[in-house]
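A.B. asks: Contents of start.txt (compact mmCIF, C-alpha atoms):
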```
# COMPACT_ATOMS: atom_id res chain seq x y z
CA MET A 1 -125.59 135.69 -1.37
CA SER A 2 -124.53 132.79 0.82
CA GLU A 3 -123.93 133.73 4.44
CA ALA A 4 -120.28 133.53 5.43
CA LYS A 5 -119.58 131.97 8.78
CA PRO A 6 -117.58 134.03 11.28
CA GLY A 7 -113.89 133.63 10.53
CA ALA A 8 -114.60 131.97 7.18
CA ALA A 9 -113.54 135.04 5.21
CA GLU A 10 -110.40 137.14 5.36
CA VAL A 11 -110.73 140.25 7.56
CA LEU A 12 -110.21 143.48 5.60
CA VAL A 13 -110.98 146.11 8.27
CA SER A 14 -110.43 145.92 12.03
CA PHE A 15 -111.53 148.43 14.68
CA ARG A 16 -109.63 147.73 17.91
CA GLY A 17 -110.81 149.57 21.04
CA VAL A 18 -111.68 152.64 18.98
CA GLN A 19 -113.08 155.66 20.80
CA LYS A 20 -114.06 159.12 19.63
CA SER A 21 -114.72 162.23 21.69
CA TYR A 22 -115.03 165.80 20.46
CA ASP A 23 -114.93 167.51 23.86
CA GLY A 24 -112.61 165.18 25.80
CA GLU A 25 -115.48 164.10 28.05
CA SER A 26 -118.44 162.46 26.32
CA LEU A 27 -117.69 159.59 23.94
CA ILE A 28 -119.54 159.53 20.60
CA VAL A 29 -117.99 156.10 19.94
CA LYS A 30 -117.27 154.24 23.18
CA ASP A 31 -115.19 151.12 22.60
CA LEU A 32 -115.58 149.84 19.08
CA ASN A 33 -114.25 146.36 18.30
CA LEU A 34 -115.35 145.25 14.86
CA ASP A 35 -114.01 143.02 12.07
CA ILE A 36 -115.27 143.61 8.53
CA ARG A 37 -114.71 140.72 6.15
CA LYS A 38 -113.39 141.00 2.64
CA GLY A 39 -116.24 141.08 0.11
CA GLU A 40 -119.06 141.53 2.59
CA PHE A 41 -121.80 144.17 2.62
CA LEU A 42 -121.90 145.45 6.20
CA THR A 43 -124.42 148.08 7.28
CA LEU A 44 -123.97 150.32 10.32
CA LEU A 45 -127.53 151.00 11.46
CA GLY A 46 -128.80 153.23 14.23
CA PRO A 47 -130.61 156.43 15.15
CA SER A 48 -129.07 159.91 14.85
CA GLY A 49 -126.16 160.38 17.26
CA SER A 50 -125.56 156.66 17.76
CA GLY A 51 -121.96 156.78 16.46
CA LYS A 52 -122.44 155.01 13.12
CA THR A 53 -121.48 157.94 10.86
CA THR A 54 -118.56 158.93 13.11
CA SER A 55 -117.25 155.33 12.84
CA LEU A 56 -117.51 155.49 9.04
CA MET A 57 -115.74 158.87 8.93
CA MET A 58 -112.88 157.52 11.05
CA LEU A 59 -112.53 154.64 8.61
CA ALA A 60 -112.56 157.08 5.68
CA GLY A 61 -109.92 159.27 7.32
CA PHE A 62 -112.06 162.39 7.75
CA GLU A 63 -112.04 161.91 11.55
CA THR A 64 -109.21 160.70 13.79
CA PRO A 65 -109.85 158.22 16.65
CA THR A 66 -109.32 159.59 20.17
CA ALA A 67 -108.12 156.11 21.21
CA GLY A 68 -107.66 152.66 19.67
CA GLU A 69 -106.55 151.57 16.22
CA ILE A 70 -108.13 151.04 12.81
CA GLN A 71 -106.46 148.54 10.49
CA LEU A 72 -107.03 148.14 6.74
CA ALA A 73 -105.64 144.99 5.14
CA GLY A 74 -103.46 144.39 8.21
CA ARG A 75 -101.86 147.84 8.50
CA ALA A 76 -102.78 150.67 10.89
CA ILE A 77 -104.31 153.62 9.05
CA ASN A 78 -105.06 156.05 11.93
CA HIS A 79 -102.69 158.67 10.52
CA LEU A 80 -102.99 157.86 6.82
CA PRO A 81 -104.69 160.67 4.83
CA PRO A 82 -107.99 159.77 3.09
CA HIS A 83 -106.57 159.84 -0.46
CA LYS A 84 -103.98 157.19 0.43
CA ARG A 85 -106.43 154.65 1.86
CA ASP A 86 -107.69 153.14 -1.44
CA ILE A 87 -111.30 153.73 -0.37
CA GLY A 88 -114.25 154.84 -2.53
CA MET A 89 -116.88 157.13 -0.95
CA VAL A 90 -120.53 157.76 -1.81
CA PHE A 91 -122.40 160.53 0.03
CA GLN A 92 -126.07 161.50 0.23
CA ASN A 93 -125.46 164.80 -1.56
CA TYR A 94 -123.61 163.09 -4.47
CA ALA A 95 -120.65 165.56 -4.22
CA LEU A 96 -120.28 165.68 -8.03
CA PHE A 97 -118.30 168.48 -9.67
CA PRO A 98 -120.99 170.66 -11.36
CA HIS A 99 -118.59 172.12 -13.96
CA MET A 100 -117.47 168.68 -15.17
CA THR A 101 -119.33 166.28 -17.46
CA VAL A 102 -120.25 162.82 -16.21
CA ALA A 103 -117.21 161.35 -17.98
CA GLN A 104 -114.92 164.01 -16.48
CA ASN A 105 -116.33 163.37 -12.99
CA LEU A 106 -115.51 159.69 -13.39
CA ALA A 107 -112.06 160.41 -14.87
CA PHE A 108 -111.06 162.69 -12.00
CA PRO A 109 -110.10 160.04 -9.38
CA LEU A 110 -108.11 158.22 -12.08
CA SER A 111 -106.21 161.28 -13.34
CA VAL A 112 -105.19 162.33 -9.79
CA ARG A 113 -103.73 158.83 -9.45
CA GLY A 114 -101.61 159.50 -12.54
CA MET A 115 -103.24 156.91 -14.81
CA PRO A 116 -102.52 157.08 -18.58
CA LYS A 117 -105.29 158.74 -20.67
CA ALA A 118 -106.05 155.62 -22.73
CA ASP A 119 -106.57 153.57 -19.56
CA ILE A 120 -108.75 156.31 -18.06
CA ALA A 121 -111.06 156.33 -21.11
CA ASP A 122 -111.37 152.56 -20.92
CA LYS A 123 -112.19 152.51 -17.19
CA VAL A 124 -114.69 155.38 -17.49
CA LYS A 125 -116.48 153.57 -20.31
CA ARG A 126 -116.63 150.39 -18.25
CA ALA A 127 -117.89 152.22 -15.13
CA LEU A 128 -120.61 153.98 -17.12
CA GLY A 129 -121.76 150.64 -18.51
CA MET A 130 -121.82 149.22 -15.00
CA VAL A 131 -124.43 151.79 -13.88
CA GLN A 132 -126.21 151.89 -17.29
CA LEU A 133 -125.34 155.50 -18.09
CA ASP A 134 -123.37 154.99 -21.32
CA ALA A 135 -125.48 157.59 -23.17
CA PHE A 136 -124.96 160.28 -20.50
CA ALA A 137 -121.16 160.66 -20.64
CA GLN A 138 -121.22 164.23 -21.97
CA ARG A 139 -123.99 165.57 -19.77
CA TYR A 140 -123.44 167.76 -16.73
CA PRO A 141 -124.79 166.83 -13.26
CA ALA A 142 -127.48 169.56 -13.45
CA GLN A 143 -128.89 167.84 -16.55
CA LEU A 144 -129.45 164.57 -14.65
CA SER A 145 -132.20 163.37 -12.31
CA GLY A 146 -131.42 162.61 -8.65
CA GLY A 147 -131.28 158.87 -9.37
CA GLN A 148 -128.92 159.39 -12.31
CA GLN A 149 -126.65 161.64 -10.24
CA GLN A 150 -126.49 158.98 -7.53
CA ARG A 151 -125.52 156.41 -10.17
CA VAL A 152 -122.68 158.68 -11.32
CA ALA A 153 -121.52 159.08 -7.70
CA LEU A 154 -121.60 155.30 -7.36
CA ALA A 155 -119.61 154.79 -10.57
CA ARG A 156 -117.05 157.39 -9.47
CA ALA A 157 -116.52 155.54 -6.18
CA LEU A 158 -115.97 152.25 -8.06
CA VAL A 159 -114.06 153.46 -11.12
CA PHE A 160 -110.57 153.15 -9.58
CA GLU A 161 -111.39 149.64 -8.30
CA PRO A 162 -110.90 150.33 -4.58
CA GLN A 163 -110.73 147.44 -2.11
CA LEU A 164 -113.36 149.15 0.05
CA VAL A 165 -116.38 151.38 -0.67
CA LEU A 166 -118.01 153.47 2.07
CA MET A 167 -121.57 154.77 1.62
CA ASP A 168 -123.06 157.37 3.96
CA GLU A 169 -126.89 157.52 3.66
CA PRO A 170 -126.46 157.49 -0.16
CA LEU A 171 -130.18 157.09 -0.94
CA GLY A 172 -131.57 159.48 1.67
CA ALA A 173 -132.47 162.23 -0.83
CA LEU A 174 -134.40 159.95 -3.23
CA ASP A 175 -138.13 159.27 -3.22
CA LYS A 176 -139.40 155.94 -1.89
CA GLN A 177 -139.83 154.10 -5.20
CA LEU A 178 -136.47 155.21 -6.61
CA ARG A 179 -134.77 154.48 -3.30
CA GLU A 180 -136.06 150.89 -3.33
CA HIS A 181 -134.94 150.48 -6.96
CA MET A 182 -131.45 151.82 -6.14
CA GLN A 183 -131.19 149.52 -3.10
CA MET A 184 -131.47 146.51 -5.40
CA GLU A 185 -129.10 148.05 -7.98
CA ILE A 186 -126.40 148.60 -5.34
CA LYS A 187 -126.96 145.13 -3.89
CA HIS A 188 -126.65 143.45 -7.31
CA LEU A 189 -123.61 145.56 -8.21
CA HIS A 190 -121.96 144.46 -4.97
CA GLN A 191 -122.70 140.82 -5.77
CA ARG A 192 -121.19 141.17 -9.26
CA LEU A 193 -118.04 143.04 -8.22
CA GLY A 194 -117.35 141.38 -4.87
CA VAL A 195 -116.06 144.67 -3.44
CA THR A 196 -116.31 145.23 0.33
CA VAL A 197 -119.04 147.73 1.21
CA VAL A 198 -119.62 149.53 4.52
CA TYR A 199 -122.98 151.29 4.41
CA VAL A 200 -124.49 153.73 6.90
CA THR A 201 -128.24 154.23 7.27
CA HIS A 202 -130.91 154.92 9.90
CA ASP A 203 -133.49 153.08 7.73
CA GLN A 204 -133.89 149.55 9.12
CA GLY A 205 -135.79 148.32 6.03
CA GLU A 206 -132.87 149.39 3.84
CA ALA A 207 -130.39 147.63 6.14
CA LEU A 208 -132.36 144.36 6.13
CA THR A 209 -132.82 144.42 2.34
CA MET A 210 -129.22 145.06 1.30
CA SER A 211 -126.80 143.67 3.86
CA ASP A 212 -124.89 140.47 4.53
CA ARG A 213 -124.57 141.63 8.15
CA VAL A 214 -125.95 144.57 10.12
CA ALA A 215 -124.33 146.23 13.13
CA VAL A 216 -126.95 148.02 15.27
CA PHE A 217 -125.52 151.10 17.01
CA HIS A 218 -126.96 152.87 20.05
CA GLN A 219 -125.26 155.46 22.28
CA GLY A 220 -121.83 154.85 20.77
CA GLU A 221 -121.86 151.06 21.08
CA ILE A 222 -122.78 148.09 18.89
CA GLN A 223 -125.82 146.46 20.49
CA GLN A 224 -125.86 143.46 18.16
CA ILE A 225 -124.25 142.41 14.88
CA ASP A 226 -125.80 139.63 12.81
CA HIS A 227 -127.35 138.55 9.53
CA PRO A 228 -130.57 140.48 8.79
CA ARG A 229 -132.93 137.58 9.44
CA ALA A 230 -131.24 136.63 12.71
CA LEU A 231 -131.34 140.26 13.82
CA TYR A 232 -135.06 140.50 13.11
CA GLU A 233 -136.09 137.08 14.44
CA HIS A 234 -133.67 136.90 17.39
CA PRO A 235 -133.04 140.41 18.77
CA GLY A 236 -130.67 140.24 21.73
CA ASN A 237 -132.04 143.18 23.70
CA ASN A 238 -134.94 145.59 23.96
CA PHE A 239 -133.35 148.33 21.86
CA VAL A 240 -132.68 146.02 18.90
CA ALA A 241 -136.15 144.44 19.10
CA ASN A 242 -137.75 147.85 19.01
CA PHE A 243 -135.47 149.48 16.44
CA ILE A 244 -135.67 146.65 13.88
CA GLY A 245 -139.19 146.22 12.55
CA GLU A 246 -142.50 146.52 14.37
CA ASN A 247 -142.78 145.14 17.85
CA ASN A 248 -145.39 144.72 20.58
CA ARG A 249 -143.86 145.46 23.97
CA LEU A 250 -145.49 144.31 27.20
CA PRO A 251 -143.86 145.29 30.52
CA GLY A 252 -143.86 142.56 33.15
CA ARG A 253 -141.97 140.79 35.94
CA LEU A 254 -139.94 137.60 35.70
CA LEU A 255 -141.71 134.89 37.73
CA SER A 256 -139.51 131.89 37.01
CA ARG A 257 -136.97 130.53 34.58
CA SER A 258 -136.36 126.99 33.36
CA GLY A 259 -133.51 126.59 30.86
CA LYS A 260 -134.22 128.66 27.76
CA GLN A 261 -137.81 129.43 28.74
CA CYS A 262 -139.40 131.57 31.41
CA ILE A 263 -142.74 132.73 32.77
CA VAL A 264 -143.50 136.45 32.91
CA GLU A 265 -146.32 138.06 34.89
CA LEU A 266 -148.02 141.11 33.41
CA PRO A 267 -149.22 144.04 35.59
CA ARG A 268 -152.80 142.69 35.74
CA GLY A 269 -151.72 139.18 36.73
CA GLU A 270 -151.75 137.40 33.33
CA GLN A 271 -148.87 134.96 32.83
CA ILE A 272 -146.97 134.47 29.57
CA GLN A 273 -144.51 131.76 28.57
CA ALA A 274 -141.55 133.16 26.63
CA LEU A 275 -137.95 132.60 25.59
CA ALA A 276 -135.57 133.93 28.24
CA VAL A 277 -133.23 136.03 26.08
CA ASN A 278 -131.97 138.88 28.22
CA VAL A 279 -133.38 138.57 31.76
CA GLY A 280 -132.11 138.84 35.34
CA GLN A 281 -133.41 137.09 38.44
CA PRO A 282 -137.02 136.17 39.37
CA GLY A 283 -138.77 139.34 40.52
CA ASP A 284 -136.80 141.57 38.12
CA PRO A 285 -138.67 143.71 35.56
CA VAL A 286 -138.62 142.48 31.94
CA THR A 287 -140.14 143.46 28.61
CA LEU A 288 -141.96 140.96 26.43
CA SER A 289 -141.43 141.37 22.70
CA VAL A 290 -143.91 139.86 20.21
CA ARG A 291 -143.85 140.67 16.48
CA PRO A 292 -147.27 141.71 15.08
CA GLU A 293 -147.10 139.13 12.26
CA ARG A 294 -146.59 136.29 14.79
CA VAL A 295 -149.92 136.87 16.53
CA ARG A 296 -152.96 134.95 15.30
CA LEU A 297 -156.57 136.12 15.59
CA ASN A 298 -159.59 133.79 15.97
CA GLY A 299 -159.13 130.41 14.28
CA SER A 300 -156.84 127.88 15.92
CA VAL A 301 -155.87 129.95 18.97
CA ASP A 302 -156.46 126.91 21.23
CA GLN A 303 -153.14 125.38 20.08
CA TYR A 304 -151.09 128.30 21.49
CA ALA A 305 -149.59 128.30 24.98
CA ASN A 306 -150.19 132.06 25.20
CA ARG A 307 -153.89 132.86 24.74
CA PHE A 308 -155.68 136.16 25.32
CA THR A 309 -158.65 138.15 24.19
CA GLY A 310 -158.39 141.59 22.64
CA ARG A 311 -160.82 144.34 21.74
CA VAL A 312 -160.44 145.71 18.19
CA THR A 313 -159.96 149.51 18.24
CA GLU A 314 -158.74 150.33 14.69
CA PHE A 315 -157.96 148.96 11.23
CA ILE A 316 -155.03 150.45 9.29
CA TYR A 317 -155.18 149.43 5.64
CA LEU A 318 -151.77 149.09 3.92
CA GLY A 319 -152.61 147.45 0.60
CA ASP A 320 -151.23 143.93 0.90
CA HIS A 321 -151.91 143.70 4.63
CA VAL A 322 -153.93 145.27 7.42
CA ARG A 323 -152.65 146.33 10.82
CA VAL A 324 -155.29 145.68 13.45
CA ARG A 325 -154.92 147.71 16.64
CA LEU A 326 -156.30 146.01 19.75
CA ASP A 327 -156.56 146.56 23.46
CA VAL A 328 -154.78 143.50 24.94
CA ALA A 329 -153.86 142.92 28.61
CA GLY A 330 -154.15 146.62 29.40
CA ASN A 331 -152.04 147.64 26.39
CA SER A 332 -154.11 149.82 24.02
CA ASP A 333 -151.37 149.81 21.34
CA PHE A 334 -151.15 146.08 20.60
CA PHE A 335 -150.90 145.38 16.86
CA VAL A 336 -151.61 142.31 14.75
CA LYS A 337 -150.47 142.28 11.14
CA GLN A 338 -152.73 140.25 8.86
CA PRO A 339 -152.36 139.53 5.11
CA ILE A 340 -155.39 140.96 3.34
CA ALA A 341 -156.44 137.49 2.15
CA GLU A 342 -156.56 136.18 5.74
CA LEU A 343 -158.56 139.02 7.31
CA ASP A 344 -162.09 138.12 8.41
CA PRO A 345 -164.30 140.63 6.52
CA ALA A 346 -166.90 140.48 9.32
CA LEU A 347 -164.37 141.71 11.94
CA ALA A 348 -165.37 145.18 13.20
CA VAL A 349 -164.18 147.84 15.67
CA GLY A 350 -165.43 146.94 19.16
CA ASP A 351 -165.33 143.17 18.57
CA VAL A 352 -163.68 141.09 21.30
CA VAL A 353 -161.64 138.29 19.69
CA PRO A 354 -159.36 135.47 20.88
CA LEU A 355 -155.68 135.80 19.94
CA GLY A 356 -152.49 133.92 20.68
CA TRP A 357 -148.89 133.17 19.80
CA HIS A 358 -146.29 130.41 20.21
CA VAL A 359 -143.83 130.45 23.10
CA GLU A 360 -140.85 130.82 20.74
CA HIS A 361 -142.32 134.04 19.30
CA ALA A 362 -142.39 135.80 22.68
CA ARG A 363 -139.00 137.03 23.85
CA ALA A 364 -138.31 138.16 27.40
CA LEU A 365 -135.82 141.04 27.22
CA ASP A 366 -134.34 143.73 29.45
CA ALA A 367 -136.80 146.20 31.01
CA LEU A 368 -137.85 149.38 29.26
CA THR A 369 -135.64 152.34 30.19
CA GLU A 370 -137.42 154.99 28.12
```
Is it possible to express this structure as structure tokens?
C.D. replies:
Amino acid sequence: MSEAKPGAAEVLVSFRGVQKSYDGESLIVKDLNLDIRKGEFLTLLGPSGSGKTTSLMMLAGFETPTAGEIQLAGRAINHLPPHKRDIGMVFQNYALFPHMTVAQNLAFPLSVRGMPKADIADKVKRALGMVQLDAFAQRYPAQLSGGQQQRVALARALVFEPQLVLMDEPLGALDKQLREHMQMEIKHLHQRLGVTVVYVTHDQGEALTMSDRVAVFHQGEIQQIDHPRALYEHPGNNFVANFIGENNRLPGRLLSRSGKQCIVELPRGEQIQALAVNVGQPGDPVTLSVRPERVRLNGSVDQYANRFTGRVTEFIYLGDHVRVRLDVAGNSDFFVKQPIAELDPALAVGDVVPLGWHVEHARALDALTE
């Protein structure tokens, strides 16, 4: 899907200074300001307790903000009950009615809206076709697999053509292969229908695969919101760099800064050139972030500004690639990710090898706090 530029699309949902506290003291959501564009697939990503699910539940109407305002299509909805918000919901546990057939489960949200029976039958048929379950209309949820039940839950959330669909960890109960298949199904369904989707997950791979934009939550605040590739390639702080994808972290001290670049000194005196992304003044502690796939072993290391040697301590075979663990600059957990076709078959544990990376692939970020 083409990436919409900020402001290029109409805003459907607005969080304005939204806070949530359960005890009147600690804030689960601190000060949420977020615009969700019409037709986009936005994922709220973060660890447990980061505020992402609470934010979704406030949007759904199952939780009330302690402060601030939530707007849907330009009107405040803080005190509007869930069933009047024109929002579809998909949960991890499917929440299907066990005593109803698939067709009856899909008909339910239409009948409570007072739709004529002929129209209901037509919409149910169309929704079943959308998730490729036409032949399962008369079955009960217990007669379906987990993947089929999740498809029914998806169809039920879409059957009344809501302007917004919220999904809370909808694929969490599925096995890896089925989960990956359903990720693509949901993504393609979103592209076909153009409905706005707000999706909650703690799985960063899922977020990167499916979303137009991802909002990374930590301790009740959005740390960064961006397109998946920008989030992965250009993390704005240490938490985002570490939470999204694999990451080598080297603690150091800022020596100097010149424009967008800086020089960082490691504890044993080595100096590294890096992009100055989130740093303070010379002398302040920083963390260097280097992705494992951006490090090169052997070969043309001479062309890199940052050159080191590392001692190989372990090979972790993962089918299409190998993770090589090395001891580099006093860090015994430094990883290099190599495609299987590029790995030197003669490389062995104990070997000392040259390695390096480009300046633009090392990011100087805020110091480690954990």
A.B. asks: Between atom CA of A:Glu69 and atom CA of A:Val198, what is the distance in Å, rounded to a tenth?
C.D. replies: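 These two atoms are separated by 17.7 Å.
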A.B. asks: Using only C-alpha atoms, which residue out of A:Ala207, A:Leu189, A:Leu164, A:Ile77 lies closest to A:Val131?
C.D. replies: A:Leu189
A.B. asks: Dig up all the protein and nucleic acid residues within 8 Å of (-105.1, 138.9, 6.4) in the file frame, using only C-alpha atoms, and format them as a PyMOL selection string.
C.D. replies: chain A and resi 10-12+73-74
A.B. asks: Only C-alpha atoms, please: the residues just picked out, written as a PDB file, keeping the file's coordinate frame.
C.D. replies:
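out_33.pdb, written as the output of this step:
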```pdb
ATOM      1  CA  GLU A  10    -110.400 137.140   5.360  1.00  0.00           C
ATOM      2  CA  VAL A  11    -110.730 140.250   7.560  1.00  0.00           C
ATOM      3  CA  LEU A  12    -110.210 143.480   5.600  1.00  0.00           C
ATOM      4  CA  ALA A  73    -105.640 144.990   5.140  1.00  0.00           C
ATOM      5  CA  GLY A  74    -103.460 144.390   8.210  1.00  0.00           C
TER       6      GLY A  74
END
```
A.B. asks: Just how far from atom CA of A:Glu161 is atom CA of A:Ser14, in Å to one decimal?
C.D. replies: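 Computed distance, atom CA of A:Ser14 to atom CA of A:Glu161, equals 20.7 Å.
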A.B. asks: From the set A:Gln281, A:Thr43, A:Thr209, A:Asn105, which residue has the shortest atom-to-atom contact distance to A:Phe136, counting all atoms listed in the file?
C.D. replies: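 Of the candidates, the smallest distance to A:Phe136 is held by A:Asn105.
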A.B. asks: Using all atoms listed in the file, find all polymer residues with an atom at most 6 Å away from the point (-122.5, 145.0, 2.0); report them as a PyMOL selection string.
C.D. replies: chain A and resi 40-42+197-198+211-212
A.B. asks: Using only C-alpha atoms, which of A:Arg37, A:Arg296, A:His361, A:Arg16 sits nearest A:Thr196?
C.D. replies: A:Arg37
A.B. asks: In Å, rounded to a single decimal, give me how far atom CA of A:Gly194 is from atom CA of A:Lys38.
C.D. replies: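 If I compute the distance from atom CA of A:Lys38 to atom CA of A:Gly194, I get 8.5 Å.
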A.B. asks: So that I can see what lies close to A:Met130, please list as number ranges by chain the residues with an atom at most 12 Å from it, counting all atoms listed in the file and leaving out residues fewer than 3 positions away in the same chain.
C.D. replies: A: 123-127, 133-134, 151-152, 154-156, 158-159, 185-186, 188-190, 192-193
A.B. asks: Can you spit out the residues from that selection as a tab-separated table (two decimals), keeping the file's coordinate frame, using C-alpha atoms?
C.D. replies:
```tsv
chain	number	residue	atom	x	y	z
A	123	LYS	CA	-112.19	152.51	-17.19
A	124	VAL	CA	-114.69	155.38	-17.49
A	125	LYS	CA	-116.48	153.57	-20.31
A	126	ARG	CA	-116.63	150.39	-18.25
A	127	ALA	CA	-117.89	152.22	-15.13
A	133	LEU	CA	-125.34	155.50	-18.09
A	134	ASP	CA	-123.37	154.99	-21.32
A	151	ARG	CA	-125.52	156.41	-10.17
A	152	VAL	CA	-122.68	158.68	-11.32
A	154	LEU	CA	-121.60	155.30	-7.36
A	155	ALA	CA	-119.61	154.79	-10.57
A	156	ARG	CA	-117.05	157.39	-9.47
A	158	LEU	CA	-115.97	152.25	-8.06
A	159	VAL	CA	-114.06	153.46	-11.12
A	185	GLU	CA	-129.10	148.05	-7.98
A	186	ILE	CA	-126.40	148.60	-5.34
A	188	HIS	CA	-126.65	143.45	-7.31
A	189	LEU	CA	-123.61	145.56	-8.21
A	190	HIS	CA	-121.96	144.46	-4.97
A	192	ARG	CA	-121.19	141.17	-9.26
A	193	LEU	CA	-118.04	143.04	-8.22
```
A.B. asks: Kindly provide, as lines of an AutoDock Vina configuration file, the centre and edge lengths (Å, one decimal) of an axis-aligned box around all atoms of stretch 190-199 of chain A given in the file, with 5 Å on each side.
C.D. replies:
```
center_x = -119.5
center_y = 146.1
center_z = -2.4
size_x = 16.9
size_y = 20.5
size_z = 23.8
```
